[in-house]
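Novice: What follows is query30.txt, made up of compact mmCIF, N, CA and C atoms:
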# COMPACT_ATOMS: atom_id res chain seq x y z
N MET A 24 -57.88 -0.13 40.29
CA MET A 24 -59.32 0.05 40.29
C MET A 24 -59.92 -0.77 39.15
N SER A 25 -61.00 -1.44 39.43
CA SER A 25 -61.68 -2.21 38.40
C SER A 25 -62.56 -1.28 37.56
N ASN A 26 -62.99 -1.77 36.40
CA ASN A 26 -63.92 -0.99 35.58
C ASN A 26 -65.22 -0.75 36.34
N PHE A 27 -65.64 -1.76 37.11
CA PHE A 27 -66.84 -1.63 37.93
C PHE A 27 -66.64 -0.51 38.97
N GLY A 28 -65.50 -0.54 39.64
CA GLY A 28 -65.20 0.48 40.64
C GLY A 28 -65.15 1.87 40.05
N ALA A 29 -64.55 1.98 38.87
CA ALA A 29 -64.47 3.29 38.20
C ALA A 29 -65.87 3.80 37.85
N LYS A 30 -66.73 2.90 37.43
CA LYS A 30 -68.10 3.30 37.08
C LYS A 30 -68.86 3.75 38.31
N ILE A 31 -68.70 3.03 39.42
CA ILE A 31 -69.37 3.42 40.66
C ILE A 31 -68.89 4.81 41.09
N ARG A 32 -67.59 5.02 41.03
CA ARG A 32 -67.03 6.32 41.41
C ARG A 32 -67.59 7.43 40.51
N GLN A 33 -67.67 7.15 39.21
CA GLN A 33 -68.21 8.13 38.26
C GLN A 33 -69.67 8.45 38.59
N LEU A 34 -70.45 7.42 38.86
CA LEU A 34 -71.86 7.62 39.18
C LEU A 34 -72.03 8.40 40.49
N ARG A 35 -71.19 8.09 41.47
CA ARG A 35 -71.24 8.83 42.74
C ARG A 35 -70.92 10.30 42.54
N ALA A 36 -69.89 10.56 41.75
CA ALA A 36 -69.49 11.95 41.49
C ALA A 36 -70.62 12.71 40.79
N LYS A 37 -71.24 12.05 39.83
CA LYS A 37 -72.34 12.68 39.08
C LYS A 37 -73.52 13.00 40.02
N LYS A 38 -73.76 12.09 40.97
CA LYS A 38 -74.86 12.29 41.92
C LYS A 38 -74.45 13.21 43.07
N GLY A 39 -73.13 13.39 43.25
CA GLY A 39 -72.64 14.26 44.29
C GLY A 39 -72.75 13.68 45.69
N VAL A 40 -72.49 12.38 45.81
CA VAL A 40 -72.57 11.73 47.12
C VAL A 40 -71.23 11.11 47.50
N SER A 41 -70.99 11.00 48.78
CA SER A 41 -69.75 10.39 49.28
C SER A 41 -69.93 8.88 49.37
N GLN A 42 -68.81 8.20 49.55
CA GLN A 42 -68.88 6.75 49.76
C GLN A 42 -69.71 6.44 50.99
N SER A 43 -69.51 7.20 52.05
CA SER A 43 -70.24 6.96 53.30
C SER A 43 -71.75 7.10 53.10
N GLU A 44 -72.15 8.14 52.39
CA GLU A 44 -73.58 8.35 52.15
C GLU A 44 -74.17 7.20 51.33
N MET A 45 -73.47 6.83 50.26
CA MET A 45 -73.97 5.76 49.41
C MET A 45 -73.99 4.45 50.18
N ALA A 46 -72.93 4.15 50.91
CA ALA A 46 -72.85 2.90 51.65
C ALA A 46 -74.03 2.77 52.61
N LYS A 47 -74.31 3.84 53.33
CA LYS A 47 -75.42 3.82 54.28
C LYS A 47 -76.74 3.53 53.57
N GLU A 48 -76.95 4.16 52.43
CA GLU A 48 -78.20 4.00 51.68
C GLU A 48 -78.40 2.59 51.12
N ILE A 49 -77.30 1.93 50.72
CA ILE A 49 -77.45 0.60 50.13
C ILE A 49 -77.20 -0.52 51.15
N GLY A 50 -76.87 -0.14 52.38
CA GLY A 50 -76.75 -1.13 53.44
C GLY A 50 -75.44 -1.90 53.49
N VAL A 51 -74.34 -1.23 53.11
CA VAL A 51 -73.01 -1.83 53.22
C VAL A 51 -72.11 -0.86 53.97
N SER A 52 -70.96 -1.33 54.40
CA SER A 52 -70.04 -0.44 55.09
C SER A 52 -69.29 0.43 54.07
N ALA A 53 -68.84 1.57 54.53
CA ALA A 53 -68.04 2.45 53.67
C ALA A 53 -66.74 1.76 53.28
N ALA A 54 -66.19 0.95 54.18
CA ALA A 54 -64.95 0.22 53.88
C ALA A 54 -65.18 -0.78 52.75
N TYR A 55 -66.32 -1.47 52.76
CA TYR A 55 -66.63 -2.43 51.69
C TYR A 55 -66.80 -1.69 50.36
N LEU A 56 -67.52 -0.59 50.38
CA LEU A 56 -67.73 0.18 49.14
C LEU A 56 -66.40 0.69 48.61
N SER A 57 -65.53 1.16 49.49
CA SER A 57 -64.21 1.62 49.07
C SER A 57 -63.42 0.47 48.44
N ALA A 58 -63.47 -0.70 49.07
CA ALA A 58 -62.76 -1.87 48.53
C ALA A 58 -63.31 -2.27 47.16
N LEU A 59 -64.62 -2.17 46.97
CA LEU A 59 -65.22 -2.45 45.66
C LEU A 59 -64.68 -1.47 44.62
N GLU A 60 -64.68 -0.19 44.97
CA GLU A 60 -64.24 0.83 44.03
C GLU A 60 -62.77 0.68 43.66
N HIS A 61 -61.96 0.26 44.62
CA HIS A 61 -60.53 0.13 44.38
C HIS A 61 -60.11 -1.24 43.86
N GLY A 62 -61.09 -2.12 43.60
CA GLY A 62 -60.78 -3.43 43.06
C GLY A 62 -60.16 -4.39 44.06
N LYS A 63 -60.33 -4.10 45.35
CA LYS A 63 -59.78 -4.97 46.38
C LYS A 63 -60.77 -6.03 46.81
N LYS A 64 -61.99 -5.92 46.35
CA LYS A 64 -63.02 -6.93 46.55
C LYS A 64 -63.47 -7.38 45.17
N GLY A 65 -63.87 -8.62 45.09
CA GLY A 65 -64.35 -9.14 43.82
C GLY A 65 -65.75 -8.64 43.51
N ALA A 66 -66.42 -9.36 42.67
CA ALA A 66 -67.76 -8.96 42.25
C ALA A 66 -68.72 -8.91 43.43
N PRO A 67 -69.52 -7.87 43.50
CA PRO A 67 -70.53 -7.83 44.56
C PRO A 67 -71.60 -8.88 44.29
N SER A 68 -72.34 -9.23 45.33
CA SER A 68 -73.43 -10.19 45.16
C SER A 68 -74.51 -9.58 44.26
N TRP A 69 -75.37 -10.44 43.74
CA TRP A 69 -76.47 -9.98 42.89
C TRP A 69 -77.36 -8.98 43.64
N PRO A 70 -77.74 -9.28 44.89
CA PRO A 70 -78.58 -8.30 45.60
C PRO A 70 -77.88 -6.94 45.79
N THR A 71 -76.59 -6.95 46.07
CA THR A 71 -75.87 -5.70 46.24
C THR A 71 -75.81 -4.93 44.92
N THR A 72 -75.57 -5.65 43.84
CA THR A 72 -75.55 -5.01 42.52
C THR A 72 -76.90 -4.38 42.23
N GLN A 73 -77.98 -5.09 42.57
CA GLN A 73 -79.32 -4.55 42.33
C GLN A 73 -79.58 -3.30 43.17
N LYS A 74 -79.08 -3.30 44.41
CA LYS A 74 -79.23 -2.11 45.26
C LYS A 74 -78.51 -0.91 44.63
N ILE A 75 -77.34 -1.17 44.06
CA ILE A 75 -76.58 -0.09 43.42
C ILE A 75 -77.32 0.42 42.19
N VAL A 76 -77.84 -0.50 41.38
CA VAL A 76 -78.62 -0.13 40.20
C VAL A 76 -79.79 0.76 40.61
N HIS A 77 -80.52 0.34 41.63
CA HIS A 77 -81.68 1.12 42.08
C HIS A 77 -81.26 2.44 42.72
N TYR A 78 -80.17 2.44 43.44
CA TYR A 78 -79.68 3.66 44.09
C TYR A 78 -79.43 4.76 43.06
N PHE A 79 -78.86 4.38 41.95
CA PHE A 79 -78.56 5.36 40.91
C PHE A 79 -79.69 5.53 39.91
N GLY A 80 -80.76 4.76 40.05
CA GLY A 80 -81.89 4.88 39.15
C GLY A 80 -81.57 4.44 37.73
N LEU A 81 -80.71 3.43 37.61
CA LEU A 81 -80.31 2.96 36.27
C LEU A 81 -81.39 2.07 35.69
N ILE A 82 -81.62 2.20 34.41
CA ILE A 82 -82.61 1.35 33.74
C ILE A 82 -82.03 0.82 32.44
N TRP A 83 -82.63 -0.23 31.96
CA TRP A 83 -82.32 -0.86 30.69
C TRP A 83 -80.83 -1.07 30.45
N ASP A 84 -80.31 -0.44 29.43
CA ASP A 84 -78.92 -0.66 29.02
C ASP A 84 -77.92 -0.27 30.10
N GLU A 85 -78.20 0.83 30.80
CA GLU A 85 -77.27 1.26 31.85
C GLU A 85 -77.21 0.23 32.98
N ALA A 86 -78.36 -0.31 33.34
CA ALA A 86 -78.41 -1.33 34.40
C ALA A 86 -77.68 -2.60 33.96
N GLU A 87 -77.94 -3.03 32.73
CA GLU A 87 -77.26 -4.22 32.20
C GLU A 87 -75.76 -4.02 32.12
N ALA A 88 -75.33 -2.84 31.71
CA ALA A 88 -73.91 -2.56 31.59
C ALA A 88 -73.23 -2.61 32.96
N LEU A 89 -73.88 -2.05 33.98
CA LEU A 89 -73.30 -2.09 35.32
C LEU A 89 -73.25 -3.53 35.85
N GLN A 90 -74.30 -4.30 35.60
CA GLN A 90 -74.32 -5.70 36.03
C GLN A 90 -73.21 -6.49 35.33
N SER A 91 -72.98 -6.22 34.08
CA SER A 91 -71.92 -6.89 33.34
C SER A 91 -70.55 -6.51 33.90
N LEU A 92 -70.35 -5.23 34.20
CA LEU A 92 -69.09 -4.79 34.80
C LEU A 92 -68.87 -5.46 36.15
N ALA A 93 -69.95 -5.62 36.92
CA ALA A 93 -69.83 -6.28 38.21
C ALA A 93 -69.36 -7.72 38.03
N GLN A 94 -69.94 -8.43 37.10
CA GLN A 94 -69.54 -9.82 36.86
C GLN A 94 -68.11 -9.92 36.36
N LEU A 95 -67.69 -8.96 35.56
CA LEU A 95 -66.33 -8.97 35.03
C LEU A 95 -65.30 -8.51 36.06
N SER A 96 -65.75 -8.15 37.25
CA SER A 96 -64.81 -7.74 38.29
C SER A 96 -64.46 -8.88 39.24
N ARG A 97 -64.95 -10.08 38.95
CA ARG A 97 -64.57 -11.23 39.78
C ARG A 97 -63.07 -11.38 39.74
N ARG A 98 -62.46 -11.53 40.90
CA ARG A 98 -61.00 -11.60 40.96
C ARG A 98 -60.49 -13.03 40.86
N ARG A 99 -61.27 -13.98 41.24
CA ARG A 99 -60.88 -15.39 41.12
C ARG A 99 -61.79 -16.03 40.08
N VAL A 100 -61.18 -16.52 39.04
CA VAL A 100 -61.94 -17.06 37.93
C VAL A 100 -61.54 -18.51 37.70
N MET A 101 -62.54 -19.37 37.53
CA MET A 101 -62.27 -20.76 37.21
C MET A 101 -62.68 -20.98 35.76
N VAL A 102 -61.82 -21.63 35.01
CA VAL A 102 -62.10 -21.90 33.61
C VAL A 102 -62.21 -23.40 33.41
N ASP A 103 -63.37 -23.86 33.01
CA ASP A 103 -63.59 -25.29 32.75
C ASP A 103 -63.32 -25.56 31.27
N THR A 104 -62.23 -26.26 30.99
CA THR A 104 -61.89 -26.55 29.60
C THR A 104 -62.21 -28.00 29.23
N GLY A 105 -62.94 -28.67 30.11
CA GLY A 105 -63.33 -30.05 29.82
C GLY A 105 -64.10 -30.13 28.51
N GLY A 106 -63.69 -31.06 27.65
CA GLY A 106 -64.37 -31.25 26.38
C GLY A 106 -63.95 -30.28 25.29
N LEU A 107 -63.06 -29.37 25.62
CA LEU A 107 -62.60 -28.42 24.61
C LEU A 107 -61.30 -28.90 23.98
N ASP A 108 -60.90 -28.24 22.95
CA ASP A 108 -59.62 -28.50 22.29
C ASP A 108 -58.51 -28.42 23.34
N PRO A 109 -57.56 -29.35 23.33
CA PRO A 109 -56.46 -29.31 24.31
C PRO A 109 -55.72 -27.97 24.34
N ARG A 110 -55.75 -27.24 23.23
CA ARG A 110 -55.12 -25.93 23.21
C ARG A 110 -55.81 -24.96 24.16
N ALA A 111 -57.11 -25.14 24.36
CA ALA A 111 -57.84 -24.28 25.29
C ALA A 111 -57.33 -24.51 26.72
N THR A 112 -57.08 -25.75 27.08
CA THR A 112 -56.55 -26.06 28.41
C THR A 112 -55.16 -25.44 28.57
N ARG A 113 -54.34 -25.58 27.55
CA ARG A 113 -53.00 -24.99 27.60
C ARG A 113 -53.08 -23.47 27.73
N ALA A 114 -53.95 -22.86 26.93
CA ALA A 114 -54.09 -21.40 26.98
C ALA A 114 -54.56 -20.95 28.37
N ALA A 115 -55.53 -21.64 28.95
CA ALA A 115 -56.04 -21.27 30.27
C ALA A 115 -54.95 -21.39 31.33
N ASN A 116 -54.17 -22.45 31.27
CA ASN A 116 -53.10 -22.63 32.24
C ASN A 116 -51.98 -21.60 32.08
N LEU A 117 -51.61 -21.32 30.84
CA LEU A 117 -50.60 -20.29 30.61
C LEU A 117 -51.08 -18.93 31.08
N MET A 118 -52.34 -18.63 30.83
CA MET A 118 -52.91 -17.37 31.27
C MET A 118 -52.84 -17.27 32.79
N ALA A 119 -53.23 -18.34 33.47
CA ALA A 119 -53.21 -18.32 34.94
C ALA A 119 -51.81 -18.07 35.49
N ARG A 120 -50.82 -18.64 34.85
CA ARG A 120 -49.45 -18.48 35.33
C ARG A 120 -48.82 -17.16 34.95
N ARG A 121 -49.20 -16.60 33.82
CA ARG A 121 -48.47 -15.45 33.27
C ARG A 121 -49.24 -14.13 33.25
N ILE A 122 -50.49 -14.13 33.67
CA ILE A 122 -51.30 -12.91 33.56
C ILE A 122 -50.65 -11.72 34.27
N GLY A 123 -50.00 -11.98 35.39
CA GLY A 123 -49.39 -10.90 36.15
C GLY A 123 -48.13 -10.32 35.52
N HIS A 124 -47.63 -10.98 34.48
CA HIS A 124 -46.40 -10.53 33.84
C HIS A 124 -46.64 -9.89 32.47
N LEU A 125 -47.90 -9.83 32.05
CA LEU A 125 -48.21 -9.24 30.75
C LEU A 125 -48.14 -7.72 30.83
N SER A 126 -47.63 -7.12 29.78
CA SER A 126 -47.58 -5.65 29.72
C SER A 126 -48.98 -5.11 29.42
N ALA A 127 -49.13 -3.83 29.60
CA ALA A 127 -50.41 -3.18 29.28
C ALA A 127 -50.75 -3.40 27.80
N ALA A 128 -49.76 -3.32 26.93
CA ALA A 128 -50.00 -3.52 25.50
C ALA A 128 -50.44 -4.96 25.22
N ASP A 129 -49.80 -5.92 25.89
CA ASP A 129 -50.20 -7.32 25.72
C ASP A 129 -51.63 -7.55 26.19
N LEU A 130 -51.97 -6.96 27.33
CA LEU A 130 -53.33 -7.10 27.85
C LEU A 130 -54.35 -6.47 26.90
N ASP A 131 -54.01 -5.30 26.37
CA ASP A 131 -54.91 -4.64 25.41
C ASP A 131 -55.12 -5.51 24.17
N ALA A 132 -54.04 -6.11 23.68
CA ALA A 132 -54.15 -6.97 22.49
C ALA A 132 -55.01 -8.20 22.80
N LEU A 133 -54.79 -8.80 23.95
CA LEU A 133 -55.57 -9.97 24.34
C LEU A 133 -57.04 -9.61 24.50
N LEU A 134 -57.32 -8.50 25.15
CA LEU A 134 -58.70 -8.06 25.31
C LEU A 134 -59.36 -7.74 23.98
N ALA A 135 -58.61 -7.18 23.06
CA ALA A 135 -59.16 -6.88 21.73
C ALA A 135 -59.61 -8.16 21.04
N VAL A 136 -58.82 -9.21 21.14
CA VAL A 136 -59.20 -10.50 20.54
C VAL A 136 -60.45 -11.05 21.23
N LEU A 137 -60.46 -11.03 22.55
CA LEU A 137 -61.59 -11.59 23.29
C LEU A 137 -62.85 -10.76 23.10
N ASP A 138 -62.72 -9.44 23.08
CA ASP A 138 -63.88 -8.58 22.86
C ASP A 138 -64.47 -8.77 21.48
N THR A 139 -63.61 -8.90 20.47
CA THR A 139 -64.07 -9.12 19.09
C THR A 139 -64.82 -10.44 19.00
N GLU A 140 -64.29 -11.47 19.64
CA GLU A 140 -64.94 -12.79 19.62
C GLU A 140 -66.29 -12.71 20.34
N ALA A 141 -66.34 -12.02 21.45
CA ALA A 141 -67.59 -11.89 22.22
C ALA A 141 -68.65 -11.16 21.41
N GLU A 142 -68.25 -10.11 20.71
CA GLU A 142 -69.18 -9.35 19.88
C GLU A 142 -69.73 -10.18 18.74
N SER A 143 -68.89 -11.01 18.14
CA SER A 143 -69.34 -11.81 17.00
C SER A 143 -70.25 -12.96 17.41
N ASN A 144 -70.18 -13.36 18.69
CA ASN A 144 -71.03 -14.45 19.17
C ASN A 144 -72.18 -13.97 20.04
N GLY A 145 -72.37 -12.66 20.08
CA GLY A 145 -73.49 -12.10 20.82
C GLY A 145 -73.22 -12.07 22.25
Can the structure from this file be put into structure tokens for me?
Specialist:
Amino acid sequence: MSNFGAKIRQLRAKKGVSQSEMAKEIGVSAAYLSALEHGKKGAPSWPTTQKIVHYFGLIWDEAEALQSLAQLSRRRVMVDTGGLDPRATRAANLMARRIGHLSAADLDALLAVLDTEAESNG
């Protein structure tokens, strides 16, 4: 399950609605919503994300946080390292080849580095 999917499930539970009910209201199939929640589909489109935001009545920070989670749920990611330090190209290629073999602890450590860098650069 993606972080986006977990958040959708949490919001649904809080509102007390089923996947089928929510899917009907936002104009998607229950199968698609289930796949989003379970991380079997990548990031939803911008319009779909907006429908979800409005469905739950999210505003300001909550809406931005959900939109950010949606973008971070993309399953296929392209990294353009053109013009960067050659080490960036090496790191991107190694990540692409080895991401599936990293332990949970390794992933947590990598995310901690990336999250710290993101926070310091806004």
Novice: For A:His61, which residue among A:Ala29, A:Gln94, A:Leu137, A:Ala88 is the nearest when counting only N, CA and C atoms?
Specialist: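 Smallest separation from A:His61 among the options: A:Ala29.
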Novice: What is the distance between atom CA of A:Ala86 and atom CA of A:Gly65, in Å to one decimal?
Specialist: 18.6 Å
Novice: Neighbours of A:Val51 within 12 Å (only C-alpha atoms; same-chain residues fewer than 6 positions away dropped), as a list in words?
Specialist: Gln42, Ser43, Glu44, Met45, Ser57, Ala58, Leu59, Pro67, Ser68, Pro70, Thr71, Thr72, Lys74 and Ile75 of chain A
Novice: Which value, in Å to one decimal, gives the distance between atom CA of A:Gln90 and atom CA of A:Gly106?
Specialist: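 Atom-to-atom, atom CA of A:Gln90 to atom CA of A:Gly106, that is 29.1 Å.
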Novice: With only N, CA and C atoms as the basis for distance, which of A:Lys63, A:Phe79, A:Ala111, A:Ala132 is at the shortest distance from A:Leu34?
Specialist: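 Result for the nearest residue to A:Leu34: A:Phe79.
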Novice: Which value, in Å to one decimal, gives the distance between atom C of A:Leu134 and atom CA of A:Leu92?
Specialist: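 Computed distance, atom C of A:Leu134 to atom CA of A:Leu92, equals 14.8 Å.
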Novice: Report as an MDAnalysis selection string all protein, DNA and RNA residues lying within 12 Å of A:Gly62, evaluated on only C-alpha atoms, omitting residues in the same chain fewer than 6 positions from it.
Specialist: chainID A and resid 24:32 55:56 92:93 95:98
Novice: Out of stretch 41-127 of chain A, which residues get helix (DSSP H, G or I) from DSSP, as a PyMOL selection string?
Specialist: chain A and resi 42-49+53-60+69-79+83-94+109-124+127
Novice: Considering only C-alpha atoms, can you say which of A:Pro109, A:Ala127, A:Gln33, A:Val40 comes closest to A:Leu89?
Specialist: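 Looking at the shortest contact to A:Leu89, the residue is A:Gln33.
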Novice: Using only the atoms of stretch 99-107 of chain A listed in the file, plus 6 Å on each side, state the axis-aligned box centre and edge lengths in Å rounded to one decimal, as AutoDock Vina command-line options.
Specialist:
--center_x -62.6 --center_y -22.6 --center_z 32.6 --size_x 15.5 --size_y 29.3 --size_z 29.3
Novice: Taking 6 positions as the minimum chain separation for residues in the same chain, which residues sit within 9 Å of A:Ala115 when counting only C-alpha atoms? Answer as an MDAnalysis selection string.
Specialist: chainID A and resid 102:104
